[in-house]
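Containing JSON, C-alpha atoms and all ligand atoms: structure34.json.
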```
[["chain", "number", "residue", "atom", "x", "y", "z"],
["A", 1307, "MET", "CA", -19.37, 111.19, 212.87],
["A", 1308, "ASP", "CA", -21.42, 108.68, 214.83],
["A", 1309, "ASP", "CA", -25.07, 109.78, 215.22],
["A", 1310, "THR", "CA", -24.88, 109.61, 219.00],
["A", 1311, "LEU", "CA", -21.85, 111.88, 219.07],
["A", 1312, "THR", "CA", -23.64, 114.35, 216.78],
["A", 1313, "THR", "CA", -26.59, 114.41, 219.17],
["A", 1314, "ILE", "CA", -24.25, 115.02, 222.10],
["A", 1315, "MET", "CA", -22.64, 118.00, 220.36],
["A", 1316, "LYS", "CA", -26.03, 119.32, 219.19],
["A", 1317, "ARG", "CA", -27.58, 119.30, 222.66],
["A", 1318, "ARG", "CA", -27.76, 122.88, 223.86],
["A", 1319, "SER", "CA", -29.85, 124.67, 226.44],
["A", 1320, "ILE", "CA", -32.87, 126.00, 224.57],
["A", 1321, "ARG", "CA", -34.69, 128.83, 226.31],
["A", 1322, "LYS", "CA", -37.11, 129.97, 223.60],
["A", 1323, "PHE", "CA", -39.93, 127.70, 222.50],
["A", 1324, "THR", "CA", -42.76, 127.74, 219.99],
["A", 1325, "ASP", "CA", -46.37, 127.30, 221.16],
["A", 1326, "GLN", "CA", -46.53, 123.80, 219.69],
["A", 1327, "PRO", "CA", -47.38, 121.28, 222.39],
["A", 1328, "VAL", "CA", -45.13, 118.25, 222.85],
["A", 1329, "GLU", "CA", -46.81, 115.01, 221.80],
["A", 1330, "ARG", "CA", -47.44, 112.54, 224.59],
["A", 1331, "GLU", "CA", -45.59, 109.80, 222.66],
["A", 1332, "LYS", "CA", -42.47, 111.97, 222.60],
["A", 1333, "LEU", "CA", -42.70, 112.65, 226.33],
["A", 1334, "GLN", "CA", -43.05, 108.91, 226.80],
["A", 1335, "GLN", "CA", -39.89, 108.35, 224.75],
["A", 1336, "LEU", "CA", -38.03, 110.85, 226.94],
["A", 1337, "LEU", "CA", -39.09, 108.93, 230.03],
["A", 1338, "GLU", "CA", -37.97, 105.65, 228.50],
["A", 1339, "ALA", "CA", -34.59, 107.22, 227.73],
["A", 1340, "ALA", "CA", -34.39, 108.53, 231.30],
["A", 1341, "MET", "CA", -35.03, 105.13, 232.80],
["A", 1342, "ALA", "CA", -32.38, 103.54, 230.57],
["A", 1343, "ALA", "CA", -29.71, 105.46, 232.49],
["A", 1344, "PRO", "CA", -27.05, 103.77, 234.60],
["A", 1345, "SER", "CA", -27.39, 103.94, 238.37],
["A", 1346, "ALA", "CA", -25.25, 102.75, 241.25],
["A", 1347, "MET", "CA", -26.00, 99.07, 241.86],
["A", 1348, "ASN", "CA", -28.92, 99.60, 239.49],
["A", 1349, "ALA", "CA", -30.94, 101.09, 242.33],
["A", 1350, "GLN", "CA", -32.86, 103.40, 239.95],
["A", 1351, "PRO", "CA", -33.63, 105.92, 242.70],
["A", 1352, "TRP", "CA", -35.87, 108.05, 240.49],
["A", 1353, "GLU", "CA", -39.41, 109.09, 239.70],
["A", 1354, "PHE", "CA", -40.65, 111.66, 237.22],
["A", 1355, "VAL", "CA", -43.46, 114.19, 237.17],
["A", 1356, "VAL", "CA", -44.61, 115.24, 233.71],
["A", 1357, "VAL", "CA", -46.21, 118.66, 233.50],
["A", 1358, "THR", "CA", -48.06, 119.97, 230.47],
["A", 1359, "GLU", "CA", -50.74, 122.08, 232.19],
["A", 1360, "LYS", "CA", -50.15, 125.75, 231.41],
["A", 1361, "ALA", "CA", -51.39, 126.78, 234.86],
["A", 1362, "VAL", "CA", -48.68, 124.66, 236.51],
["A", 1363, "MET", "CA", -45.98, 125.81, 234.09],
["A", 1364, "ASP", "CA", -47.02, 129.39, 234.93],
["A", 1365, "LYS", "CA", -46.54, 128.62, 238.63],
["A", 1366, "PHE", "CA", -42.96, 127.49, 237.94],
["A", 1367, "ARG", "CA", -42.33, 130.62, 235.89],
["A", 1368, "HIS", "CA", -43.70, 132.79, 238.66],
["A", 1369, "ALA", "CA", -41.96, 131.05, 241.57],
["A", 1370, "LEU", "CA", -38.52, 130.21, 240.21],
["A", 1371, "MET", "CA", -36.23, 133.02, 239.16],
["A", 1372, "PHE", "CA", -34.31, 130.92, 236.60],
["A", 1373, "ALA", "CA", -37.37, 129.22, 235.14],
["A", 1374, "LYS", "CA", -39.13, 132.01, 233.25],
["A", 1375, "MET", "CA", -38.93, 130.42, 229.78],
["A", 1376, "ASN", "CA", -42.11, 129.77, 227.75],
["A", 1377, "ALA", "CA", -41.76, 125.98, 227.52],
["A", 1378, "PRO", "CA", -45.06, 124.10, 227.09],
["A", 1379, "ALA", "CA", -43.90, 121.09, 229.13],
["A", 1380, "ALA", "CA", -41.53, 120.02, 231.87],
["A", 1381, "ILE", "CA", -40.27, 116.86, 233.44],
["A", 1382, "CYS", "CA", -39.34, 117.08, 237.10],
["A", 1383, "VAL", "CA", -36.72, 114.46, 237.93],
["A", 1384, "LEU", "CA", -37.16, 113.24, 241.48],
["A", 1385, "GLY", "CA", -34.73, 111.38, 243.65],
["A", 1386, "SER", "CA", -36.87, 108.64, 245.11],
["A", 1387, "ASN", "CA", -36.16, 107.07, 248.41],
["A", 1388, "ARG", "CA", -39.46, 105.21, 248.36],
["A", 1389, "MET", "CA", -38.95, 103.59, 244.92],
["A", 1390, "GLN", "CA", -35.22, 102.89, 244.92],
["A", 1391, "LYS", "CA", -34.22, 99.26, 244.50],
["A", 1392, "GLY", "CA", -31.36, 99.28, 246.98],
["A", 1393, "LYS", "CA", -29.64, 101.50, 249.51],
["A", 1394, "ALA", "CA", -27.01, 102.66, 247.00],
["A", 1395, "GLY", "CA", -29.56, 105.28, 246.03],
["A", 1396, "ASP", "CA", -29.22, 106.92, 249.44],
["A", 1397, "LYS", "CA", -25.69, 107.98, 248.53],
["A", 1398, "PHE", "CA", -25.74, 108.14, 244.75],
["A", 1399, "TRP", "CA", -29.20, 109.47, 243.90],
["A", 1400, "VAL", "CA", -27.87, 112.81, 242.60],
["A", 1401, "GLN", "CA", -25.50, 111.11, 240.17],
["A", 1402, "ASP", "CA", -28.12, 108.54, 239.16],
["A", 1403, "CYS", "CA", -30.81, 111.15, 238.56],
["A", 1404, "SER", "CA", -28.31, 113.34, 236.72],
["A", 1405, "ALA", "CA", -27.56, 110.47, 234.36],
["A", 1406, "ALA", "CA", -31.30, 110.08, 233.78],
["A", 1407, "SER", "CA", -31.58, 113.84, 233.22],
["A", 1408, "GLU", "CA", -28.82, 113.90, 230.63],
["A", 1409, "ASN", "CA", -30.54, 111.04, 228.84],
["A", 1410, "ILE", "CA", -33.70, 113.19, 228.68],
["A", 1411, "LEU", "CA", -31.75, 116.13, 227.25],
["A", 1412, "LEU", "CA", -30.06, 113.96, 224.64],
["A", 1413, "ALA", "CA", -33.25, 112.13, 223.70],
["A", 1414, "ALA", "CA", -35.03, 115.48, 223.34],
["A", 1415, "THR", "CA", -32.31, 116.65, 220.95],
["A", 1416, "ALA", "CA", -32.59, 113.43, 218.95],
["A", 1417, "LEU", "CA", -36.37, 113.93, 218.67],
["A", 1418, "GLY", "CA", -36.03, 117.53, 217.42],
["A", 1419, "LEU", "CA", -37.12, 119.03, 220.75],
["A", 1420, "GLY", "CA", -35.41, 121.75, 222.73],
["A", 1421, "SER", "CA", -34.74, 121.43, 226.45],
["A", 1422, "VAL", "CA", -33.07, 123.12, 229.35],
["A", 1423, "TRP", "CA", -32.12, 121.86, 232.81],
["A", 1424, "ILE", "CA", -33.44, 124.12, 235.56],
["A", 1425, "GLY", "CA", -31.46, 123.51, 238.73],
["A", 1426, "VAL", "CA", -33.47, 122.81, 241.89],
["A", 1427, "HIS", "CA", -31.52, 120.59, 244.33],
["A", 1428, "PRO", "CA", -29.57, 121.48, 246.50],
["A", 1429, "LEU", "CA", -31.14, 124.94, 246.78],
["A", 1430, "THR", "CA", -33.70, 124.46, 249.53],
["A", 1431, "ILE", "CA", -35.89, 127.38, 248.51],
["A", 1432, "PHE", "CA", -36.28, 126.02, 244.95],
["A", 1433, "SER", "CA", -36.85, 122.54, 246.31],
["A", 1434, "TRP", "CA", -39.54, 123.85, 248.64],
["A", 1435, "GLN", "CA", -41.26, 125.78, 245.85],
["A", 1436, "VAL", "CA", -41.28, 122.86, 243.42],
["A", 1437, "SER", "CA", -42.45, 120.49, 246.17],
["A", 1438, "ASN", "CA", -45.38, 122.80, 246.92],
["A", 1439, "ILE", "CA", -46.36, 123.37, 243.30],
["A", 1440, "LEU", "CA", -46.30, 119.63, 242.54],
["A", 1441, "ASN", "CA", -47.69, 118.48, 245.91],
["A", 1442, "LEU", "CA", -44.75, 116.13, 246.22],
["A", 1443, "PRO", "CA", -45.22, 113.29, 248.71],
["A", 1444, "GLU", "CA", -42.75, 112.13, 251.37],
["A", 1445, "GLY", "CA", -39.76, 110.18, 250.09],
["A", 1446, "VAL", "CA", -39.02, 112.16, 246.94],
["A", 1447, "THR", "CA", -36.68, 115.12, 246.33],
["A", 1448, "PRO", "CA", -36.78, 117.22, 243.16],
["A", 1449, "LEU", "CA", -33.38, 117.33, 241.46],
["A", 1450, "ASN", "CA", -34.39, 119.63, 238.63],
["A", 1451, "LEU", "CA", -37.03, 120.67, 236.17],
["A", 1452, "ILE", "CA", -36.32, 119.92, 232.55],
["A", 1453, "TYR", "CA", -38.21, 122.32, 230.34],
["A", 1454, "ILE", "CA", -39.18, 120.82, 226.98],
["A", 1455, "GLY", "CA", -40.73, 122.14, 223.80],
["A", 1456, "TYR", "CA", -40.15, 122.79, 220.14],
["A", 1457, "PRO", "CA", -37.20, 125.16, 219.80],
["A", 1458, "ALA", "CA", -37.67, 128.76, 218.66],
["A", 1459, "GLU", "CA", -33.93, 129.38, 218.64],
["A", 1460, "THR", "CA", -30.95, 127.56, 217.16],
["A", 1461, "LYS", "CA", -27.56, 127.23, 218.72],
["A", 1462, "GLU", "CA", -24.15, 126.25, 217.48],
["A", 1463, "VAL", "CA", -23.23, 122.56, 217.48],
["A", 1464, "ARG", "CA", -20.10, 122.37, 219.56],
["A", 1465, "THR", "CA", -17.78, 120.70, 222.02],
["A", 1466, "GLN", "CA", -16.16, 122.75, 224.74],
["A", 1467, "TYR", "CA", -13.00, 120.67, 224.59],
["A", 1468, "GLU", "CA", -9.97, 122.21, 226.27],
["A", 1469, "GLU", "CA", -6.70, 120.34, 226.19],
["A", 1470, "ALA", "CA", -5.61, 122.01, 229.45],
["A", 1471, "ARG", "CA", -8.30, 120.10, 231.33],
["A", 1472, "VAL", "CA", -6.94, 116.71, 230.35],
["A", 1473, "GLN", "CA", -4.15, 114.87, 232.14],
["A", 1474, "TRP", "CA", -3.18, 111.76, 230.16],
["A", 1475, "GLY", "CA", -2.07, 109.31, 232.84],
["A", 1476, "PRO", "CA", -1.38, 110.08, 236.51],
["A", 1477, "PHE", "CA", 0.00, 113.44, 237.57],
["A", 1478, "PRO", "CA", 3.74, 113.29, 238.14],
["A", 1479, "PRO", "CA", 4.82, 112.60, 241.73],
["A", 1480, "GLY", "CA", 6.48, 115.27, 243.81],
["A", 1481, "GLU", "CA", 3.81, 117.85, 244.43],
["A", 1482, "LYS", "CA", 2.89, 117.44, 248.09],
["A", 1483, "SER", "CA", -0.43, 115.68, 248.25],
["A", 1484, "LYS", "CA", -3.38, 117.67, 249.56],
["A", 1485, "ARG", "CA", -5.35, 114.50, 250.17],
["A", 1486, "SER", "CA", -6.66, 114.02, 253.66],
["A", 1487, "LYS", "CA", -6.10, 110.90, 255.75],
["A", 1488, "LYS", "CA", -7.11, 107.61, 254.20],
["A", 1489, "PRO", "CA", -10.79, 107.11, 255.00],
["A", 1490, "ALA", "CA", -11.95, 104.09, 256.94],
["A", 1491, "LYS", "CA", -13.30, 101.47, 254.57],
["A", 1492, "LYS", "CA", -16.59, 101.16, 256.40],
["A", 1493, "ASP", "CA", -17.34, 104.85, 255.77],
["A", 1494, "GLU", "CA", -17.06, 104.40, 252.05],
["A", 1495, "ILE", "CA", -18.81, 101.20, 251.18],
["A", 1496, "ILE", "CA", -22.51, 100.94, 250.80],
["A", 1497, "LEU", "CA", -23.80, 98.24, 253.07],
["A", 1498, "ASP", "CA", -26.76, 96.64, 251.51],
["A", 1499, "GLU", "CA", -27.11, 92.95, 252.22],
["A", 1500, "SER", "CA", -30.11, 92.71, 249.94],
["A", 1501, "THR", "CA", -28.16, 93.66, 246.83],
["A", 1502, "ASP", "CA", -26.00, 91.14, 245.04],
["A", 1503, "GLU", "CA", -23.05, 93.40, 244.35],
["A", 1504, "HIS", "CA", -23.13, 94.84, 240.86],
["A", 1505, "SER", "CA", -25.22, 92.08, 239.44],
["A", 1506, "ASP", "CA", -26.49, 92.56, 235.94],
["A", 1507, "GLN", "CA", -30.22, 91.86, 236.11],
["B", 1, "LIG", "C1", -27.10, 121.50, 237.40],
["B", 1, "LIG", "C2", -27.51, 122.47, 236.33],
["B", 1, "LIG", "C3", -28.36, 123.52, 236.64],
["B", 1, "LIG", "C4", -28.77, 124.41, 235.65],
["B", 1, "LIG", "N1", -29.67, 125.38, 235.99],
["B", 1, "LIG", "C5", -30.14, 126.20, 235.02],
["B", 1, "LIG", "C6", -31.17, 127.14, 235.33],
["B", 1, "LIG", "O1", -31.67, 127.20, 236.45],
["B", 1, "LIG", "N2", -31.61, 127.94, 234.33],
["B", 1, "LIG", "C7", -31.08, 127.88, 233.06],
["B", 1, "LIG", "O2", -31.52, 128.65, 232.20],
["B", 1, "LIG", "N3", -30.10, 126.98, 232.74],
["B", 1, "LIG", "C8", -29.63, 126.15, 233.68],
["B", 1, "LIG", "N4", -28.70, 125.19, 233.37],
["B", 1, "LIG", "C9", -28.17, 125.11, 232.01],
["B", 1, "LIG", "C10", -26.75, 125.69, 231.92],
["B", 1, "LIG", "O3", -26.81, 127.10, 232.05],
["B", 1, "LIG", "C11", -26.14, 125.29, 230.57],
["B", 1, "LIG", "O4", -26.07, 123.88, 230.49],
["B", 1, "LIG", "C12", -24.73, 125.85, 230.35],
["B", 1, "LIG", "O5", -24.77, 127.26, 230.28],
["B", 1, "LIG", "C13", -24.06, 125.31, 229.08],
["B", 1, "LIG", "O6", -24.84, 125.60, 227.94],
["B", 1, "LIG", "P1", -25.43, 124.43, 227.02],
["B", 1, "LIG", "O7", -26.40, 123.64, 227.84],
["B", 1, "LIG", "O8", -26.10, 125.13, 225.86],
["B", 1, "LIG", "O9", -24.29, 123.57, 226.56],
["B", 1, "LIG", "C14", -28.29, 124.27, 234.33],
["B", 1, "LIG", "C15", -27.45, 123.20, 234.01],
["B", 1, "LIG", "C16", -27.09, 122.29, 234.99],
["B", 1, "LIG", "C17", -26.23, 121.09, 234.61]]
```
Could you write out this structure as structure tokens?
Amino acid sequence: MDDTLTTIMKRRSIRKFTDQPVEREKLQQLLEAAMAAPSAMNAQPWEFVVVTEKAVMDKFRHALMFAKMNAPAAICVLGSNRMQKGKAGDKFWVQDCSAASENILLAATALGLGSVWIGVHPLTIFSWQVSNILNLPEGVTPLNLIYIGYPAETKEVRTQYEEARVQWGPFPPGEKSKRSKKPAKKDEIILDESTDEHSDQ
């Protein structure tokens, strides 16, 4: 199997970590993988906070009910209004930052690290807690925390493929459509005169 596909199947949420710190070069590689992600109109509406201080990790563990794991490091993926390179980020920042997040998870797997996505956005209480702990400035919104460390547990390599979830080709006609009225075009299209369509820069 292709190496990339193996990495995809190997990526699992790791929630037990050794005490070994994560090397700065590896964290750097994760950030480079994150910023290689696709984004709508290449707006790159993201920033990242890297945390390795135990005192700050302890604050996350204390404040967030689903973030108790003993990871030595975390990357907080931020939607960034202030750094985005086009207004497409206003609408698509969650998807864009999720693509960056998945790149971090996959790169971590490829580097022999364990990781787990801790959901923050859109839960306002988690968002508020993370914003306070990290002193986040105006113009950024935390999407998640990605806990990172050397794994102290192993998990099965797997797909979760289910044939029943796949429709090859359109659904057959007949079933009365539940779609609402056709939306007005102007509601759907991102208006950003400064951006040259989907240009490949
Ligand atoms: C948006 C999102 C939020 C998640 N939040 C948490 C979380 O707060 N805590 C946690 O332990 N895992 C969290 N996870 C990880 C999921 O529980 C995990 O991906 C899922 O159970 C499938 O397992 P796998 O990652 O090993 O394939 C989250 C995953 C996503 C995509």
Checklist entry - Skipping near chain neighbours, those fewer than 6 positions away, what residues fall within 9 Å of A:Ala1346 using all atoms listed in the file, listed as a PyMOL selection string? => result chain A and resi 1394-1395+1397-1399+1401-1402+1504
Next on the checklist: Around ligand LIG 1 (chain B), out to 10 Å and counting only C-alpha atoms and all ligand atoms, which residues are there? I want them as a ChimeraX atom specification.
Outcome noted: /A:1314-1321,1370-1375,1404,1407-1408,1411,1421-1428,1432,1449-1453,1461-1466
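Here atom CA of A:Trp1434 and atom CA of A:Leu1384 stand 13.0 Å from one another.
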Item to check | Between atom CA of A:Met1347 and atom CA of A:Ala1414, distance in Å (one decimal) | outcome: 26.3 Å
Using only C-alpha atoms, which residues of stretch 1359-1462 of chain A come within 7 Å of stretch 1337-1344 of chain A, and what is the closest atom pair for each, with the distance in Å to one decimal? Give it as a Markdown table, sorted by chain and residue number.
```
| residue | atom | partner | partner_atom | distance |
| --- | --- | --- | --- | --- |
| A:Asp1402 | CA | A:Pro1344 | CA | 6.7 |
| A:Ala1405 | CA | A:Ala1343 | CA | 5.8 |
| A:Ala1406 | CA | A:Ala1340 | CA | 4.3 |
| A:Ser1407 | CA | A:Ala1340 | CA | 6.3 |
| A:Asn1409 | CA | A:Ala1340 | CA | 5.2 |
| A:Ile1410 | CA | A:Ala1340 | CA | 5.4 |
| A:Ala1413 | CA | A:Ala1339 | CA | 6.5 |
```
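Checking A:Leu1440, A:Thr1460, A:Ala1470, A:Leu1417 one by one against A:Gln1334, counting all atoms listed in the file, you find the shortest gap at A:Leu1417.
With only C-alpha atoms as the basis for measurement, A:Phe1354 is the residue among A:Leu1311, A:Glu1469, A:Phe1354, A:Val1362 that approaches A:Pro1448 most closely.
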Around the point (-44.1, 113.7, 236.2) (coordinates from the file), which residues reach within 8 Å if we count only C-alpha atoms? Answer as a CSV table (one decimal) with C-alpha atoms, in the coordinates of the input.
```csv
chain,number,residue,atom,x,y,z
A,1353,GLU,CA,-39.4,109.1,239.7
A,1354,PHE,CA,-40.6,111.7,237.2
A,1355,VAL,CA,-43.5,114.2,237.2
A,1356,VAL,CA,-44.6,115.2,233.7
A,1357,VAL,CA,-46.2,118.7,233.5
A,1381,ILE,CA,-40.3,116.9,233.4
A,1382,CYS,CA,-39.3,117.1,237.1
A,1383,VAL,CA,-36.7,114.5,237.9
```
Item to check | Nearest to A:Phe1323 by atom-to-atom distance, counting all atoms listed in the file, from A:Met1363, A:Ala1379, A:Leu1442, A:Leu1429 | outcome: A:Ala1379
Checklist outcome for this item: The residue from A:Pro1457, A:Gly1418, A:Gly1445, A:Pro1478 with the smallest atom-to-atom distance to A:Thr1324, counting only C-alpha atoms, is A:Pro1457
Checklist outcome for this item: Separating atom CA of A:Glu1359 from atom CA of A:Thr1313, to the nearest tenth of an Å, is a gap of 28.5 Å
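Using all atoms listed in the file, the residues found no farther than 9 Å from A:Glu1444, other than those of its own chain fewer than 3 positions away, are Asn1387, Arg1388 and Thr1447 of chain A.
Of the residues under consideration (A:Leu1333, A:Ala1490, A:Ala1369, A:Cys1403), A:Ala1369 shows the shortest atom-to-atom contact distance to A:Ile1431 when counting all atoms listed in the file.
Comparing A:Val1328, A:Ile1439, A:Leu1336, A:Ala1349 by their smallest distance to A:Gly1392, the closest is A:Ala1349 (using only C-alpha atoms).
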